[in-house]
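Have a look at work34.pdb below; it lists PDB, C-alpha atoms.
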```pdb
ATOM      1  CA  MET J   1       4.609 -90.255  54.689
ATOM      2  CA  ALA J   2       7.297 -91.859  56.868
ATOM      3  CA  LYS J   3       8.879 -89.642  59.488
ATOM      4  CA  LYS J   4      12.422 -88.574  58.642
ATOM      5  CA  LYS J   5      15.204 -90.033  60.750
ATOM      6  CA  ASP J   6      17.059 -87.604  63.015
ATOM      7  CA  ILE J   7      20.510 -87.792  64.616
ATOM      8  CA  ASN J   8      19.106 -89.300  67.828
ATOM      9  CA  GLN J   9      17.710 -92.248  65.895
ATOM     10  CA  ALA J  10      20.852 -92.628  63.774
ATOM     11  CA  VAL J  11      23.063 -92.844  66.865
ATOM     12  CA  ARG J  12      20.892 -95.548  68.400
ATOM     13  CA  GLU J  13      20.658 -97.431  65.103
ATOM     14  CA  ILE J  14      24.440 -97.729  65.012
ATOM     15  CA  CYS J  15      25.255 -98.215  68.686
ATOM     16  CA  LEU J  16      22.520-100.747  69.410
ATOM     17  CA  TRP J  17      23.480-102.836  66.370
ATOM     18  CA  PHE J  18      26.449-104.273  68.261
ATOM     19  CA  PRO J  19      25.810-107.542  70.151
ATOM     20  CA  GLU J  20      24.595-107.343  73.756
ATOM     21  CA  THR J  21      24.707-103.541  73.804
ATOM     22  CA  GLU J  22      22.469-101.782  76.291
ATOM     23  CA  GLU J  23      21.572 -98.118  76.584
ATOM     24  CA  VAL J  24      21.860 -96.611  80.074
ATOM     25  CA  LEU J  25      21.114 -93.044  81.104
ATOM     26  CA  SER J  26      24.142 -91.558  82.881
ATOM     27  CA  HIS J  27      24.377 -87.934  84.048
ATOM     28  CA  GLY J  28      21.466 -87.090  81.765
ATOM     29  CA  SER J  29      23.024 -88.584  78.616
ATOM     30  CA  PRO J  30      22.689 -92.031  76.980
ATOM     31  CA  ASP J  31      25.646 -94.353  77.513
ATOM     32  CA  PHE J  32      26.044 -97.445  75.347
ATOM     33  CA  ARG J  33      27.576-100.375  77.189
ATOM     34  CA  VAL J  34      28.548-103.978  76.623
ATOM     35  CA  LYS J  35      29.007-106.253  79.632
ATOM     36  CA  GLY J  36      28.900-103.194  81.872
ATOM     37  CA  LYS J  37      31.646-101.307  80.011
ATOM     38  CA  THR J  38      30.883 -98.035  78.221
ATOM     39  CA  PHE J  39      32.112 -97.697  74.655
ATOM     40  CA  ALA J  40      30.085 -94.618  73.592
ATOM     41  CA  SER J  41      28.239 -91.703  75.179
ATOM     42  CA  TYR J  42      25.799 -89.547  73.226
ATOM     43  CA  VAL J  43      26.121 -86.015  74.584
ATOM     44  CA  ILE J  44      24.156 -82.957  73.454
ATOM     45  CA  ASN J  45      25.062 -79.405  74.445
ATOM     46  CA  HIS J  46      27.270 -80.435  77.338
ATOM     47  CA  HIS J  47      27.454 -77.458  79.704
ATOM     48  CA  GLY J  48      26.273 -75.227  76.876
ATOM     49  CA  ASP J  49      28.985 -76.158  74.350
ATOM     50  CA  GLY J  50      26.399 -76.468  71.547
ATOM     51  CA  ARG J  51      27.806 -79.789  70.319
ATOM     52  CA  ILE J  52      25.802 -82.791  69.159
ATOM     53  CA  ALA J  53      28.436 -85.436  69.731
ATOM     54  CA  LEU J  54      29.521 -88.953  70.489
ATOM     55  CA  TRP J  55      32.274 -89.503  73.036
ATOM     56  CA  LEU J  56      34.000 -92.737  72.066
ATOM     57  CA  ASN J  57      36.285 -95.005  74.074
ATOM     58  CA  ALA J  58      38.833 -94.922  71.260
ATOM     59  CA  PRO J  59      41.903 -97.103  70.752
ATOM     60  CA  GLU J  60      45.251 -95.773  71.946
ATOM     61  CA  GLY J  61      46.568 -92.987  69.728
ATOM     62  CA  ALA J  62      43.306 -92.463  67.858
ATOM     63  CA  GLN J  63      42.389 -89.257  69.671
ATOM     64  CA  ALA J  64      45.644 -87.459  68.842
ATOM     65  CA  HIS J  65      45.507 -88.617  65.218
ATOM     66  CA  TYR J  66      41.933 -87.606  64.456
ATOM     67  CA  VAL J  67      41.915 -84.316  66.361
ATOM     68  CA  LYS J  68      45.107 -83.196  64.620
ATOM     69  CA  GLN J  69      43.952 -84.250  61.156
ATOM     70  CA  GLU J  70      40.298 -83.128  61.229
ATOM     71  CA  SER J  71      39.521 -80.680  64.031
ATOM     72  CA  LYS J  72      36.184 -79.839  62.371
ATOM     73  CA  HIS J  73      34.868 -83.310  63.091
ATOM     74  CA  PHE J  74      36.881 -84.367  66.150
ATOM     75  CA  PHE J  75      37.748 -82.951  69.574
ATOM     76  CA  VAL J  76      39.018 -83.899  73.011
ATOM     77  CA  PRO J  77      35.957 -84.365  75.254
ATOM     78  CA  PRO J  78      35.938 -83.211  78.885
ATOM     79  CA  TYR J  79      36.459 -85.646  81.777
ATOM     80  CA  VAL J  80      37.262 -88.689  79.627
ATOM     81  CA  GLY J  81      39.547 -86.913  77.154
ATOM     82  CA  PRO J  82      42.683 -87.399  79.270
ATOM     83  CA  ARG J  83      42.045 -91.153  79.055
ATOM     84  CA  GLY J  84      42.152 -91.071  75.272
ATOM     85  CA  TRP J  85      38.445 -90.836  74.469
ATOM     86  CA  LEU J  86      37.538 -89.228  71.144
ATOM     87  CA  GLY J  87      34.815 -86.621  70.657
ATOM     88  CA  VAL J  88      32.963 -86.789  67.316
ATOM     89  CA  ASN J  89      30.818 -83.906  66.046
ATOM     90  CA  LEU J  90      27.761 -85.442  64.388
ATOM     91  CA  ASP J  91      26.219 -82.364  62.764
ATOM     92  CA  LYS J  92      29.153 -80.922  60.813
ATOM     93  CA  GLY J  93      29.108 -83.160  57.761
ATOM     94  CA  ILE J  94      30.967 -86.237  58.933
ATOM     95  CA  SER J  95      30.190 -89.429  57.007
ATOM     96  CA  TRP J  96      27.912 -91.783  58.916
ATOM     97  CA  LYS J  97      29.930 -94.658  57.483
ATOM     98  CA  THR J  98      32.905 -93.145  59.321
ATOM     99  CA  VAL J  99      30.822 -92.778  62.505
ATOM    100  CA  ALA J 100      29.842 -96.457  62.357
ATOM    101  CA  ARG J 101      33.488 -97.494  61.852
ATOM    102  CA  LEU J 102      34.637 -95.403  64.831
ATOM    103  CA  VAL J 103      31.879 -96.781  67.051
ATOM    104  CA  ARG J 104      32.957-100.279  66.026
ATOM    105  CA  GLU J 105      36.535 -99.514  67.086
ATOM    106  CA  ALA J 106      35.274 -98.293  70.467
ATOM    107  CA  TYR J 107      33.051-101.355  70.895
ATOM    108  CA  THR J 108      35.815-103.825  70.039
ATOM    109  CA  LYS J 109      38.137-102.114  72.517
ATOM    110  CA  VAL J 110      35.955-103.074  75.495
ATOM    111  CA  ALA J 111      33.816-106.019  74.333
ATOM    112  CA  PRO J 112      34.793-109.640  75.024
ATOM    113  CA  ALA J 113      36.573-111.360  72.143
ATOM    114  CA  ALA J 114      33.714-113.846  71.769
ATOM    115  CA  LEU J 115      31.404-110.986  70.794
ATOM    116  CA  THR J 116      33.792-109.131  68.497
ATOM    117  CA  LYS J 117      34.545-112.276  66.473
ATOM    118  CA  SER J 118      30.898-112.542  65.432
ATOM    119  CA  LEU J 119      30.475-108.969  64.194
ATOM    120  CA  GLY J 120      30.720-109.376  60.421
ATOM    121  CA  ALA J 121      30.523-106.308  58.178
ATOM    122  CA  THR J 122      29.946-102.970  59.911
ATOM    123  CA  ILE J 123      26.409-101.626  59.750
ATOM    124  CA  GLU J 124      25.678 -99.028  57.051
ATOM    125  CA  ILE J 125      22.745 -96.720  57.688
ATOM    126  CA  THR J 126      20.771 -94.194  55.711
ATOM    127  CA  PRO J 127      22.040 -90.813  56.951
ATOM    128  CA  PRO J 128      19.593 -88.779  59.066
ATOM    129  CA  ALA J 129      17.589 -86.236  57.079
ATOM    130  CA  ALA J 130      15.747 -84.448  59.906
ATOM    131  CA  THR J 131      17.479 -81.751  61.942
ATOM    132  CA  LEU J 132      17.001 -81.359  65.678
ATOM    133  CA  LYS J 133      14.930 -78.436  66.886
ATOM    134  CA  PRO J 134      16.716 -75.722  68.896
ATOM    135  CA  GLU J 135      14.956 -76.887  72.072
ATOM    136  CA  ASP J 136      16.159 -80.451  71.432
ATOM    137  CA  VAL J 137      19.727 -79.168  71.577
ATOM    138  CA  ASP J 138      19.128 -76.660  74.379
ATOM    139  CA  PRO J 139      15.876 -77.103  76.368
ATOM    140  CA  MET J 140      16.194 -73.483  77.508
ATOM    141  CA  GLN J 141      15.258 -72.468  73.948
ATOM    142  CA  SER J 142      11.728 -73.854  74.183
ATOM    143  CA  LYS J 143       8.825 -71.425  73.956
ATOM    144  CA  ARG J 144       7.948 -72.005  77.611
ATOM    145  CA  ALA J 145      11.524 -71.554  78.819
ATOM    146  CA  LEU J 146      11.990 -68.314  76.888
ATOM    147  CA  ALA J 147       8.776 -66.905  78.364
ATOM    148  CA  VAL J 148       9.868 -67.838  81.903
ATOM    149  CA  LEU J 149      13.325 -66.345  81.380
ATOM    150  CA  LYS J 150      11.793 -63.081  80.191
ATOM    151  CA  GLU J 151       9.776 -62.768  83.408
ATOM    152  CA  LEU J 152      12.684 -63.799  85.625
ATOM    153  CA  ARG J 153      15.072 -61.359  83.949
ATOM    154  CA  ALA J 154      12.676 -58.497  84.556
ATOM    155  CA  ILE J 155      12.580 -59.312  88.273
ATOM    156  CA  CYS J 156      16.326 -59.857  88.639
ATOM    157  CA  PHE J 157      17.355 -56.772  86.688
ATOM    158  CA  SER J 158      15.125 -54.597  88.854
ATOM    159  CA  LEU J 159      17.605 -55.232  91.681
ATOM    160  CA  PRO J 160      20.769 -53.107  92.041
ATOM    161  CA  GLU J 161      23.978 -54.237  90.334
ATOM    162  CA  THR J 162      22.513 -57.454  88.973
ATOM    163  CA  THR J 163      24.235 -59.141  86.045
ATOM    164  CA  GLU J 164      23.377 -62.222  84.011
ATOM    165  CA  ASP J 165      25.953 -64.915  83.383
ATOM    166  CA  LYS J 166      26.157 -68.591  82.439
ATOM    167  CA  GLN J 167      27.218 -71.430  84.682
ATOM    168  CA  PHE J 168      27.501 -74.967  83.329
ATOM    169  CA  GLY J 169      25.616 -73.714  80.270
ATOM    170  CA  ASN J 170      22.631 -72.401  82.234
ATOM    171  CA  PRO J 171      21.630 -68.780  82.894
ATOM    172  CA  VAL J 172      22.404 -67.397  86.350
ATOM    173  CA  TRP J 173      22.002 -63.967  87.924
ATOM    174  CA  ARG J 174      24.593 -62.433  90.199
ATOM    175  CA  ALA J 175      24.511 -59.828  92.944
ATOM    176  CA  GLY J 176      28.016 -58.535  92.410
ATOM    177  CA  LYS J 177      29.996 -61.779  92.110
ATOM    178  CA  LYS J 178      27.530 -64.036  93.950
ATOM    179  CA  VAL J 179      24.881 -66.125  92.168
ATOM    180  CA  PHE J 180      21.457 -65.584  93.714
ATOM    181  CA  ALA J 181      19.152 -67.060  91.042
ATOM    182  CA  GLN J 182      19.452 -69.640  88.310
ATOM    183  CA  ALA J 183      17.362 -71.464  85.736
ATOM    184  CA  TYR J 184      17.888 -74.897  84.224
ATOM    185  CA  CYS J 185      16.134 -77.688  82.370
ATOM    186  CA  TYR J 186      17.630 -81.158  82.184
ATOM    187  CA  ARG J 187      17.065 -82.963  78.898
ATOM    188  CA  ALA J 188      16.362 -86.241  80.702
ATOM    189  CA  ASP J 189      13.115 -85.101  82.350
ATOM    190  CA  ARG J 190      12.437 -81.740  80.617
ATOM    191  CA  LYS J 191      11.514 -80.122  83.922
ATOM    192  CA  LEU J 192      12.049 -76.367  83.814
ATOM    193  CA  GLN J 193      13.265 -75.229  87.228
ATOM    194  CA  LEU J 194      14.317 -72.027  88.952
ATOM    195  CA  ALA J 195      16.602 -72.135  91.976
ATOM    196  CA  PHE J 196      17.197 -69.675  94.827
ATOM    197  CA  TRP J 197      18.905 -69.621  98.200
ATOM    198  CA  VAL J 198      16.426 -69.836 101.079
ATOM    199  CA  GLY J 199      18.439 -71.430 103.890
ATOM    200  CA  VAL J 200      18.103 -74.923 105.319
ATOM    201  CA  ASP J 201      15.219 -74.023 107.663
ATOM    202  CA  GLN J 202      13.073 -72.671 104.825
ATOM    203  CA  GLN J 203      13.930 -75.686 102.677
ATOM    204  CA  ALA J 204      12.185 -77.974 105.146
ATOM    205  CA  LEU J 205       9.022 -75.891 104.952
ATOM    206  CA  LEU J 206       8.947 -75.369 101.187
ATOM    207  CA  ILE J 207       9.434 -78.987 100.131
ATOM    208  CA  ARG J 208       6.077 -79.840 101.684
ATOM    209  CA  ASP J 209       4.765 -78.336  98.446
ATOM    210  CA  ASP J 210       5.231 -80.739  95.509
ATOM    211  CA  SER J 211       6.333 -77.928  93.219
ATOM    212  CA  PHE J 212       9.527 -77.499  95.284
ATOM    213  CA  SER J 213      12.527 -79.778  95.518
ATOM    214  CA  ILE J 214      16.061 -79.675  96.875
ATOM    215  CA  PRO J 215      18.441 -79.377  93.910
ATOM    216  CA  ALA J 216      21.465 -81.588  93.449
ATOM    217  CA  TYR J 217      24.868 -80.122  94.305
ATOM    218  CA  LEU J 218      23.347 -76.912  95.750
ATOM    219  CA  GLY J 219      20.788 -78.274  98.174
ATOM    220  CA  HIS J 220      23.136 -78.809 101.087
ATOM    221  CA  ASN J 221      23.981 -75.091 100.943
ATOM    222  CA  GLY J 222      20.362 -74.049 101.486
ATOM    223  CA  TRP J 223      19.071 -73.762  97.918
ATOM    224  CA  ILE J 224      15.578 -74.665  96.741
ATOM    225  CA  ALA J 225      14.236 -75.366  93.245
ATOM    226  CA  VAL J 226      10.727 -74.615  92.022
ATOM    227  CA  ASP J 227       9.202 -76.429  89.047
ATOM    228  CA  VAL J 228       7.818 -73.937  86.504
ATOM    229  CA  THR J 229       7.395 -76.359  83.610
ATOM    230  CA  LYS J 230       3.679 -75.656  83.343
ATOM    231  CA  ASP J 231       2.791 -72.928  85.841
ATOM    232  CA  ALA J 232       4.601 -70.237  87.789
ATOM    233  CA  ASN J 233       3.477 -68.217  90.793
ATOM    234  CA  TRP J 234       5.345 -65.015  89.973
ATOM    235  CA  ARG J 235       4.388 -63.312  93.202
ATOM    236  CA  GLU J 236       6.003 -66.152  95.128
ATOM    237  CA  ILE J 237       8.995 -66.267  92.792
ATOM    238  CA  ARG J 238       9.564 -62.532  93.215
ATOM    239  CA  SER J 239       9.728 -63.055  96.988
ATOM    240  CA  LEU J 240      12.220 -65.895  96.570
ATOM    241  CA  VAL J 241      14.383 -63.783  94.257
ATOM    242  CA  LEU J 242      14.424 -60.908  96.719
ATOM    243  CA  PHE J 243      15.185 -63.147  99.706
ATOM    244  CA  SER J 244      18.077 -64.804  97.887
ATOM    245  CA  TYR J 245      19.398 -61.479  96.593
ATOM    246  CA  ARG J 246      19.431 -59.969 100.088
ATOM    247  CA  HIS J 247      21.454 -62.926 101.339
ATOM    248  CA  PHE J 248      24.251 -62.407  98.810
ATOM    249  CA  ALA J 249      24.201 -58.652  98.176
ATOM    250  CA  ILE J 250      26.719 -56.419  99.916
ATOM    251  CA  GLY J 251      25.807 -53.356 101.971
ATOM    252  CA  ARG J 252      26.001 -50.868  99.108
ATOM    253  CA  MET J 253      23.507 -52.887  97.072
ATOM    254  CA  LEU J 254      21.138 -53.309  99.987
ATOM    255  CA  ARG J 255      21.162 -49.572 100.696
ATOM    256  CA  ALA J 256      20.345 -48.895  97.060
ATOM    257  CA  LEU J 257      17.561 -51.475  97.162
ATOM    258  CA  ASP J 258      15.990 -50.042 100.323
ATOM    259  CA  ALA J 259      16.244 -46.506  98.987
TER     260      ALA J 259
END
```
Taking this structure as input, can you express it in the form of structure tokens?
Amino acid sequence: MAKKKDINQAVREICLWFPETEEVLSHGSPDFRVKGKTFASYVINHHGDGRIALWLNAPEGAQAHYVKQESKHFFVPPYVGPRGWLGVNLDKGISWKTVARLVREAYTKVAPAALTKSLGATIEITPPAATLKPEDVDPMQSKRALAVLKELRAICFSLPETTEDKQFGNPVWRAGKKVFAQAYCYRADRKLQLAFWVGVDQQALLIRDDSFSIPAYLGHNGWIAVDVTKDANWREIRSLVLFSYRHFAIGRMLRALDA
């Protein structure tokens, strides 16, 4: 029995149909480009928004028209929205014939005239029949990630005045207002990682171990990430949690901890 097509495959079937299109990974999401110019980005669960969407480099005025008329299917995407890009929800019943037409409009906006003249009739595809698994939308919903989060929560919540929050769609734990622990898994590499503050000096020592790395954005502030995709040394992780917590906790919390 042939495997059912899912949304991932449907998006690529449409976007890669256009002449000289290439797929490039950008910020963890597939961009579709022609002659170096992006006409579509396929973005899943951006910063925890739960959307399965295309961000399209739409013609002038299209964004305002579609968002006003059909807010169920269309939205203003972050970052590129102010430039007129159109967000398209792919899992809320929109016609895939409509998706293909909108992608064509985005492609023709940026592609050279020599390519757009040769397009012919817009591709029509068989709609996807397979749904994405929860972990395909949010990697933190995988069986492994849920098990790791359960262990990490138990450690973090044993510390005074700890709360759990979300930051950029990922779970974080705060000592008062300060984040001292966080967990994340990027869809691009599926590596499940935990991050803690250790200070720059400790960073240099820890990264000698292949399971540790310096995380993007946070690394210059003294944070370290540990890969727990397959295994986790919970004794070591508990020490890292406590060290990071002590750095950010205020006196009242530290007195409660030591008591």
Would you give me, as JSON lines, each residue of segment 160-253 of chain J having an atom within 12 Å of an atom of segment 20-25 of chain J, along with its shortest atom pair and that distance in Å to one decimal, using all atoms listed in the file and sorting by chain and residue number?
```
{"residue": "J:Arg187", "atom": "CA", "partner": "J:Leu25", "partner_atom": "CA", "distance": 11.1}
{"residue": "J:Ala188", "atom": "CA", "partner": "J:Leu25", "partner_atom": "CA", "distance": 8.3}
{"residue": "J:Asp189", "atom": "CA", "partner": "J:Leu25", "partner_atom": "CA", "distance": 11.3}
```
On this file, the PyMOL selection byres ((chain J and resi 111) around 9) gives some set of residues; write that set as a PyMOL selection string.
-> chain J and resi 33-35+37+39+106-110+112-116
For the file shown, what are the residues hit by the PyMOL selection byres ((chain J and resi 3-11) around 9), laid out as number ranges by chain?
-> J: 1-2, 12-16, 42, 52, 54, 90-91, 96, 99-100, 125-132
Contacts of Ala216 of chain J within 10 Å, only C-alpha atoms, excl. fewer than 6 positions in-chain, as a PyMOL selection string | chain J and resi 223-225
Would you kindly return, as a list in words, each protein, DNA or RNA residue with an atom no farther than 12 Å from any atom of Ile207 of chain J, considering only C-alpha atoms and excluding same-chain residues fewer than 3 positions away?
-> Val198, Val200, Asp201, Gln202, Gln203, Ala204, Asp210, Ser211, Phe212, Ser213, Ile214, Pro215, Gly219, Trp223, Ile224, Ala225, Val226 and Asp227 of chain J
Which residues, named as in the file, does the PyMOL selection byres ((chain J and resi 57) around 10) pick out? Answer as a PDB file with C-alpha atoms, in the coordinates of the input.
```pdb
ATOM      1  CA  LYS J  37      31.646-101.307  80.011  1.00  0.00           C
ATOM      2  CA  THR J  38      30.883 -98.035  78.221  1.00  0.00           C
ATOM      3  CA  PHE J  39      32.112 -97.697  74.655  1.00  0.00           C
ATOM      4  CA  ALA J  40      30.085 -94.618  73.592  1.00  0.00           C
ATOM      5  CA  SER J  41      28.239 -91.703  75.179  1.00  0.00           C
ATOM      6  CA  LEU J  54      29.521 -88.953  70.489  1.00  0.00           C
ATOM      7  CA  TRP J  55      32.274 -89.503  73.036  1.00  0.00           C
ATOM      8  CA  LEU J  56      34.000 -92.737  72.066  1.00  0.00           C
ATOM      9  CA  ALA J  58      38.833 -94.922  71.260  1.00  0.00           C
ATOM     10  CA  PRO J  59      41.903 -97.103  70.752  1.00  0.00           C
ATOM     11  CA  GLU J  60      45.251 -95.773  71.946  1.00  0.00           C
ATOM     12  CA  ALA J  62      43.306 -92.463  67.858  1.00  0.00           C
ATOM     13  CA  GLN J  63      42.389 -89.257  69.671  1.00  0.00           C
ATOM     14  CA  VAL J  80      37.262 -88.689  79.627  1.00  0.00           C
ATOM     15  CA  GLY J  81      39.547 -86.913  77.154  1.00  0.00           C
ATOM     16  CA  ARG J  83      42.045 -91.153  79.055  1.00  0.00           C
ATOM     17  CA  GLY J  84      42.152 -91.071  75.272  1.00  0.00           C
ATOM     18  CA  TRP J  85      38.445 -90.836  74.469  1.00  0.00           C
ATOM     19  CA  LEU J  86      37.538 -89.228  71.144  1.00  0.00           C
ATOM     20  CA  GLY J  87      34.815 -86.621  70.657  1.00  0.00           C
ATOM     21  CA  LEU J 102      34.637 -95.403  64.831  1.00  0.00           C
ATOM     22  CA  VAL J 103      31.879 -96.781  67.051  1.00  0.00           C
ATOM     23  CA  GLU J 105      36.535 -99.514  67.086  1.00  0.00           C
ATOM     24  CA  ALA J 106      35.274 -98.293  70.467  1.00  0.00           C
ATOM     25  CA  TYR J 107      33.051-101.355  70.895  1.00  0.00           C
ATOM     26  CA  THR J 108      35.815-103.825  70.039  1.00  0.00           C
ATOM     27  CA  LYS J 109      38.137-102.114  72.517  1.00  0.00           C
ATOM     28  CA  VAL J 110      35.955-103.074  75.495  1.00  0.00           C
TER      29      VAL J 110
END
```
Put the listed atoms of segment 181-187 of chain J in a box along x, y and z with 8 Å added on every side and give me the centre and edge lengths in Å to one decimal, as lines of an AutoDock Vina configuration file.
```
center_x = 17.8
center_y = -75.0
center_z = 85.0
size_x = 19.3
size_y = 31.9
size_z = 28.1
```
Take atom CA of Arg104 of chain J and atom CA of Arg51 of chain J and report the distance between them in Å, one decimal.
->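 Taking atom CA of Arg104 of chain J and atom CA of Arg51 of chain J, their separation equals 21.6 Å.
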Best match for closeness to Ala259 of chain J among J:Gly48, J:Pro78, J:Gly28, J:Pro160, counting all atoms listed in the file |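 Closest candidate: J:Pro160.
For the pair atom CA of Leu149 of chain J and atom CA of Trp234 of chain J, the separation is 11.8 Å.
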So how many Å separate atom CA of Ala53 of chain J and atom CA of Arg144 of chain J, to one decimal?
-> 25.7 Å
Leaving out Ala183 of chain J and any residue of its chain fewer than 5 positions from it, which residues lie within 7 Å of it when counting only C-alpha atoms, given as JSON, numbers by chain?
-> {"J": [170, 171, 172, 193, 194, 195]}
Quick one: of J:Ser71, J:Ser142, J:Thr122, J:Ser244, who's nearest to Phe196 of chain J, counting only C-alpha atoms?
-> J:Ser244
Can you list, as a ChimeraX atom specification, every protein, DNA or RNA residue that comes within 9 Å of Gly176 of chain J when you count only C-alpha atoms, leaving out same-chain residues fewer than 6 positions away?
-> /J:161-163,248-250,253
